[in-house]
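I have placed the structure first, in the form of structure tokens, so that the comments after it can refer back to it.
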Amino acid sequence: MNGARGRALLTPRSAAGTLGAPWLPFPLMTDLAHASTEYAARLSIDVVDAGGVAGRMAEDVLAGLTAVPKQLPPKYFYDDAGSRLFEQITRLPEYYPSRAERELLEETADELMAELRPAEIVELGAGSSAKTRRLLSAPTAPEHLRRFVPLDVSREIVESSALGLLADFPYLSVHGVIGDFERHLHHVPQAIGRRLVLFLGGTIGNLHPPERTAFLASVRGLLGPGDRVLIGLDLVKDVATMEAAYNDSAGVTAEFNRNMLRFINRELGANFEPEAFAHRAFFNAEHSRIEMHLAPSVPQEVSAPDISLSVTISPSETIWTESSYKFTPESVAGMLADAGLRLERCYANDRPDRRFALALAAPA
Ligand SMILES: C[S@@+](CC[C@H](N)C(=O)[O-])C[C@H]1O[C@@H](n2cnc3c(N)ncnc32)[C@H](O)[C@@H]1O
């Protein structure tokens with residue numbers, strides 16, 4: 001699987017238990033094979049790495065579990081089950097970032113689309129693209145927008161959302177890319193006209209500062225003169241609100257966190273016992289980030305013979321699975337400038353419990 005490349009129309013697959021779930025934003029499709037035939041002229045999906053994110057998992061897991069502190073990259077949350085759990089998270093009462101960003105898009109989408117008139121939207125870490133629909137629904141969109149390019153590590157969510165978008169936006173073609181936004185931006189197809197790149201959901205906060213600058217510089221490489229990037233950033237707010245968003249009462253975020261261990265068990269033949277790990281999420285004020293960890297209450301002997309891994313995780317340590325940096329409006333321009341981008345405008349949601357920003361940037 002590792003390293004295999006391909007370009008394919010949708011792979012027909014059973015939709016049982018996925019597309020029919022009531023919280024998913026896309027329509028129920030019981031016959032994906034039929035749907036892909038119907039939309040063949042407007043749809044293509046490039047699979048950059050048929051192993052998906054798992055292509056690099058072996059080396060990342062070996063390095064991360066032998067490091068101090070033990071850590072695993074957040075991209076390994078997102079197998080198909082993880083993507084579905086994330087969609088559930090976006091609907092939780094405590095998880096304000098999705099609502100805050102949706103409100104901002106509600107206020108700005110029509111104006112942005114009328115002003116920028118992009119021929120294509122490229123969305124990195126697109127997930128279900130649920131909020132992106134607000135841009136695609138702008139009154140001017142059918143006049144200028146021709147293509148949507150979602151890039152994500154999770155194949156199922158890109159395929160599912162592509163079908164929903166093709167059904168709902170007849171003027172649009174979709175060119176999906178299944179790949180890693182930190183490694184595969186050169187697989188984004190050649191621009192067909194003015195481009196708007198989206199990086200929503202506060203996903204920028206999952207990157208530590210050095211990787212963030214490198215990533216933004218590679219996003220800069222996707223932009224020509226006249227192109228723009230729109231980035232969703234979660235802003236610092238009161239600690240209780242931020243911590244509640246990652247400690248929901250229904251326990252969905254805890255399941256999402258543990259799901260990473262299931263993904264690793266399946267891909268690498270590891271023997272994690274996910275239920276033996278407690279979910280921990282707290283604000284680290286020094287670094288202005290929420291950290292998520294998995295904490296064992298008794299020592300865990302973990303092995304993965306496929307990759308010659310054998311480690312003990314003691315109750316005095318954790319596995320650090322995610323950081324979610326929180327920004328201030330003042331920090332945004334400098335962060336973009338470091339990557340060759342110029343902040344053009346910053347839309348902010350000022351409700352105290354929803355502080356969130358959309359930064360619109362141009363090549364410097
Ligand atoms: C926080 S979710 C945001 C999803 C969506 N953009 C939103 O705003 O709701 C992060 C998304 O990025 C994807 N993702 C995470 N790491 C990635 C990586 N390194 N390369 C590509 N996609 C990644 C995940 O599969 C997931 O869909």
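Chain labels run A, B, ... following the order of the structure tokens; each chain numbers its residues from 1, and ligands are numbered from 1 in the order shown.
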Env of Leu198 (chain A): 8 Å cut, atoms = only C-alpha atoms, seq-sep filter 6 positions within chain, self excluded. Answer as an mmCIF file with N, CA and C atoms, in the first residue's frame.
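And here's out.cif as it stands now:
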data_model
loop_
_atom_site.group_PDB
_atom_site.id
_atom_site.type_symbol
_atom_site.label_atom_id
_atom_site.label_comp_id
_atom_site.auth_asym_id
_atom_site.auth_seq_id
_atom_site.Cartn_x
_atom_site.Cartn_y
_atom_site.Cartn_z
ATOM 1 N N ILE A 121 -11.866 26.617 -5.830
ATOM 2 C CA ILE A 121 -11.579 26.623 -4.397
ATOM 3 C C ILE A 121 -10.810 25.348 -4.097
ATOM 4 N N VAL A 122 -9.651 25.506 -3.459
ATOM 5 C CA VAL A 122 -8.845 24.363 -3.009
ATOM 6 C C VAL A 122 -8.980 24.334 -1.492
ATOM 7 N N GLU A 123 -9.481 23.234 -0.947
ATOM 8 C CA GLU A 123 -9.644 23.173 0.507
ATOM 9 C C GLU A 123 -8.714 22.118 1.094
ATOM 10 N N LEU A 124 -7.835 22.553 1.994
ATOM 11 C CA LEU A 124 -6.853 21.647 2.610
ATOM 12 C C LEU A 124 -7.421 21.131 3.936
ATOM 13 N N VAL A 229 -5.753 33.062 0.243
ATOM 14 C CA VAL A 229 -5.979 31.936 1.155
ATOM 15 C C VAL A 229 -6.798 32.456 2.341
ATOM 16 N N LEU A 230 -7.772 31.666 2.752
ATOM 17 C CA LEU A 230 -8.634 32.017 3.889
ATOM 18 C C LEU A 230 -8.407 30.971 4.975
ATOM 19 N N ILE A 231 -7.959 31.437 6.146
ATOM 20 C CA ILE A 231 -7.547 30.513 7.207
ATOM 21 C C ILE A 231 -8.405 30.739 8.453
#
Could you build a table of the residues in chain A lying no more than 7 Å from ligand 1, giving for each the nearest pair of atoms and their separation in Å rounded to one decimal place, using only C-alpha atoms and all ligand atoms, ordered by chain and ascending residue number, as a Markdown table?
| residue | atom | partner | partner_atom_place_in_ligand_line | distance |
| --- | --- | --- | --- | --- |
| A:Pro74 | CA | ligand 1 | 16 (N) | 6.4 |
| A:Lys75 | CA | ligand 1 | 16 (N) | 3.8 |
| A:Tyr78 | CA | ligand 1 | 25 (O) | 4.8 |
| A:Ser83 | CA | ligand 1 | 25 (O) | 6.1 |
| A:Phe86 | CA | ligand 1 | 2 (S) | 6.8 |
| A:Thr90 | CA | ligand 1 | 9 (O) | 6.9 |
| A:Ser98 | CA | ligand 1 | 9 (O) | 6.5 |
| A:Leu124 | CA | ligand 1 | 22 (N) | 6.5 |
| A:Gly125 | CA | ligand 1 | 12 (O) | 3.3 |
| A:Ala126 | CA | ligand 1 | 6 (N) | 4.2 |
| A:Gly127 | CA | ligand 1 | 27 (O) | 3.3 |
| A:Ser128 | CA | ligand 1 | 5 (C) | 6.3 |
| A:Ser129 | CA | ligand 1 | 5 (C) | 5.9 |
| A:Ala130 | CA | ligand 1 | 9 (O) | 6.8 |
| A:Lys131 | CA | ligand 1 | 8 (O) | 6.7 |
| A:Leu151 | CA | ligand 1 | 21 (C) | 6.3 |
| A:Asp152 | CA | ligand 1 | 22 (N) | 3.7 |
| A:Val153 | CA | ligand 1 | 22 (N) | 4.3 |
| A:Ser154 | CA | ligand 1 | 25 (O) | 4.9 |
| A:Gly179 | CA | ligand 1 | 21 (C) | 5.6 |
| A:Asp180 | CA | ligand 1 | 20 (N) | 3.3 |
| A:Phe181 | CA | ligand 1 | 20 (N) | 3.8 |
| A:Glu182 | CA | ligand 1 | 19 (N) | 5.4 |
| A:Phe199 | CA | ligand 1 | 6 (N) | 6.4 |
| A:Leu200 | CA | ligand 1 | 8 (O) | 4.4 |
| A:Gly201 | CA | ligand 1 | 8 (O) | 3.2 |
| A:Gly202 | CA | ligand 1 | 1 (C) | 6.4 |
| A:Thr203 | CA | ligand 1 | 1 (C) | 4.8 |
Margin query: With distances taken over only C-alpha atoms, which residue among A:Glu156, A:Glu322, A:Glu273, A:Glu120 lies nearest Pro299 (chain A)?
Written below: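 Of all the options, A:Glu273 lies closest to Pro299 (chain A).
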Next item on the list: List every residue of region 14-179 of chain A that DSSP, applied to the backbone, labels as alpha helix (DSSP H), and write the result as JSON, numbers by chain.
Entry: {"A": [32, 33, 34, 35, 36, 37, 38, 57, 58, 59, 60, 61, 62, 63, 64, 65, 80, 81, 82, 83, 84, 85, 86, 87, 88, 89, 96, 97, 98, 99, 100, 101, 102, 103, 104, 105, 106, 107, 108, 109, 110, 111, 112, 113, 114, 115, 116, 133, 134, 135, 136, 141, 142, 143, 144, 155, 156, 157, 158, 159, 160, 161, 162, 163, 164, 165, 166, 167, 168]}
Per-residue DSSP, region 72-209 of chain A, filtered to strand (DSSP E or B), as a short mmCIF file (atom, residue, chain, number, x, y, z; two decimals) with N, CA and C atoms, in the first residue's frame:
data_model
loop_
_atom_site.label_atom_id
_atom_site.label_comp_id
_atom_site.auth_asym_id
_atom_site.auth_seq_id
_atom_site.Cartn_x
_atom_site.Cartn_y
_atom_site.Cartn_z
N GLU A 120 -11.65 28.55 -8.84
CA GLU A 120 -11.61 27.28 -8.11
C GLU A 120 -11.35 27.54 -6.63
N ILE A 121 -11.87 26.62 -5.83
CA ILE A 121 -11.58 26.62 -4.40
C ILE A 121 -10.81 25.35 -4.10
N VAL A 122 -9.65 25.51 -3.46
CA VAL A 122 -8.84 24.36 -3.01
C VAL A 122 -8.98 24.33 -1.49
N GLU A 123 -9.48 23.23 -0.95
CA GLU A 123 -9.64 23.17 0.51
C GLU A 123 -8.71 22.12 1.09
N LEU A 124 -7.83 22.55 1.99
CA LEU A 124 -6.85 21.65 2.61
C LEU A 124 -7.42 21.13 3.94
N ARG A 147 -14.52 24.79 -10.21
CA ARG A 147 -13.96 23.54 -9.67
C ARG A 147 -13.72 23.67 -8.17
N PHE A 148 -13.94 22.54 -7.48
CA PHE A 148 -13.63 22.44 -6.06
C PHE A 148 -12.60 21.32 -5.89
N VAL A 149 -11.51 21.62 -5.18
CA VAL A 149 -10.42 20.65 -5.00
C VAL A 149 -10.24 20.38 -3.49
N PRO A 150 -10.92 19.36 -2.94
CA PRO A 150 -10.71 19.03 -1.53
C PRO A 150 -9.51 18.11 -1.38
N LEU A 151 -8.63 18.41 -0.43
CA LEU A 151 -7.49 17.53 -0.14
C LEU A 151 -7.60 17.11 1.32
N ASP A 152 -7.51 15.80 1.55
CA ASP A 152 -7.62 15.31 2.93
C ASP A 152 -6.96 13.93 2.98
N SER A 173 -17.39 21.13 -10.78
CA SER A 173 -16.71 19.84 -10.86
C SER A 173 -15.85 19.69 -9.61
N VAL A 174 -15.57 18.45 -9.24
CA VAL A 174 -14.80 18.18 -8.02
C VAL A 174 -13.58 17.33 -8.38
N HIS A 175 -12.42 17.80 -7.97
CA HIS A 175 -11.18 17.05 -8.17
C HIS A 175 -10.56 16.82 -6.79
N GLY A 176 -10.86 15.66 -6.21
CA GLY A 176 -10.36 15.37 -4.86
C GLY A 176 -8.92 14.88 -4.89
N VAL A 177 -8.21 15.17 -3.82
CA VAL A 177 -6.84 14.64 -3.67
C VAL A 177 -6.76 13.99 -2.28
N ILE A 178 -6.44 12.71 -2.25
CA ILE A 178 -6.27 12.02 -0.98
C ILE A 178 -4.78 12.03 -0.67
N ARG A 195 -7.63 31.44 -7.84
CA ARG A 195 -7.77 30.36 -6.85
C ARG A 195 -7.99 30.95 -5.45
N LEU A 196 -8.91 30.33 -4.73
CA LEU A 196 -9.08 30.62 -3.30
C LEU A 196 -8.75 29.33 -2.55
N VAL A 197 -7.74 29.39 -1.69
CA VAL A 197 -7.37 28.23 -0.87
C VAL A 197 -8.03 28.40 0.50
N LEU A 198 -8.62 27.34 1.00
CA LEU A 198 -9.25 27.37 2.33
C LEU A 198 -8.51 26.44 3.27
N PHE A 199 -8.33 26.89 4.50
CA PHE A 199 -7.80 26.01 5.55
C PHE A 199 -8.62 26.31 6.79
#
Margin query: Please list as a ChimeraX atom specification every residue within 8 Å of Ser297 (chain A), counting only C-alpha atoms and excluding residues in the same chain fewer than 4 positions away.
Written below: /A:276-278,314-315
Using C-alpha atoms, can you export the residues from the last selection as a PDB file, in the first residue's frame?
ATOM      1  CA  ALA A 276      -6.965   1.442  29.316  1.00  0.00           C
ATOM      2  CA  PHE A 277      -6.155   5.054  28.416  1.00  0.00           C
ATOM      3  CA  ALA A 278      -7.980   8.048  29.882  1.00  0.00           C
ATOM      4  CA  SER A 314       3.893   4.087  32.689  1.00  0.00           C
ATOM      5  CA  PRO A 315       1.132   5.921  34.595  1.00  0.00           C
TER       6      PRO A 315
END
Notebook entry, point to check: Out of A:Ala67, A:Ile192, A:Leu85, A:Leu216, which residue has the shortest atom-to-atom distance to Thr253 (chain A) when counting only C-alpha atoms?
Noted result: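 Distance minimum relative to Thr253 (chain A) lands on A:Leu85.
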Check: Which is closer to Ala245 (chain A) than all the others in A:Ser160, A:Ser44, A:Thr318, A:Ser324, using only C-alpha atoms?
Finding: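 Using only C-alpha atoms, the shortest distance to Ala245 (chain A) belongs to A:Ser324.
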Check: Which distance in Å separates CA of Glu291 (chain A) and CA of Leu235 (chain A), to one decimal?
Finding: 15.1 Å
Next item on the list: May I ask for the distance between CA of Tyr96 (chain A) and CA of Asp353 (chain A), given in Å to one decimal place?
Entry: 7.4 Å
Note to self: Give me the residues near Gly221 (chain A) as a list in words, where near means some atom within 9 Å (using only C-alpha atoms) and where sequence neighbours in that chain fewer than 2 positions away do not count.
What the structure shows: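 Counting only the stated atoms, we get Leu185, His186, Leu216, Ala217, Ser218, Val219, Leu223, Gly224 and Pro363 of chain A.
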Next item on the list: Please indicate the distance in Å from CA of Asp350 (chain A) to CA of Pro97 (chain A), rounded to one decimal place.
Entry: 12.5 Å
Margin query: Quick one: residues within 6 Å of region 300-309 of chain A, only C-alpha atoms, excluding same-chain residues fewer than 3 positions away - as a PyMOL selection string?
Written below: chain A and resi 269-272+312-313
Using only C-alpha atoms, please write the residues we just selected to a file, as an mmCIF file, in the first residue's frame.
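Done, and the output landed in again_30.cif:
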data_model
loop_
_atom_site.group_PDB
_atom_site.id
_atom_site.type_symbol
_atom_site.label_atom_id
_atom_site.label_comp_id
_atom_site.auth_asym_id
_atom_site.auth_seq_id
_atom_site.Cartn_x
_atom_site.Cartn_y
_atom_site.Cartn_z
ATOM 1 C CA GLY A 269 -0.602 -4.833 14.193
ATOM 2 C CA ALA A 270 -0.069 -3.072 17.528
ATOM 3 C CA ASN A 271 -1.758 -4.246 20.746
ATOM 4 C CA PHE A 272 -2.903 -1.003 22.377
ATOM 5 C CA THR A 312 6.211 0.394 28.295
ATOM 6 C CA ILE A 313 3.997 3.394 28.976
#
Margin query: I need the residue nearest Tyr39 (chain A) from this list: A:Phe169, A:Tyr325, A:Tyr246, A:Tyr347. Use only C-alpha atoms for the distance.
Written below: A:Phe169
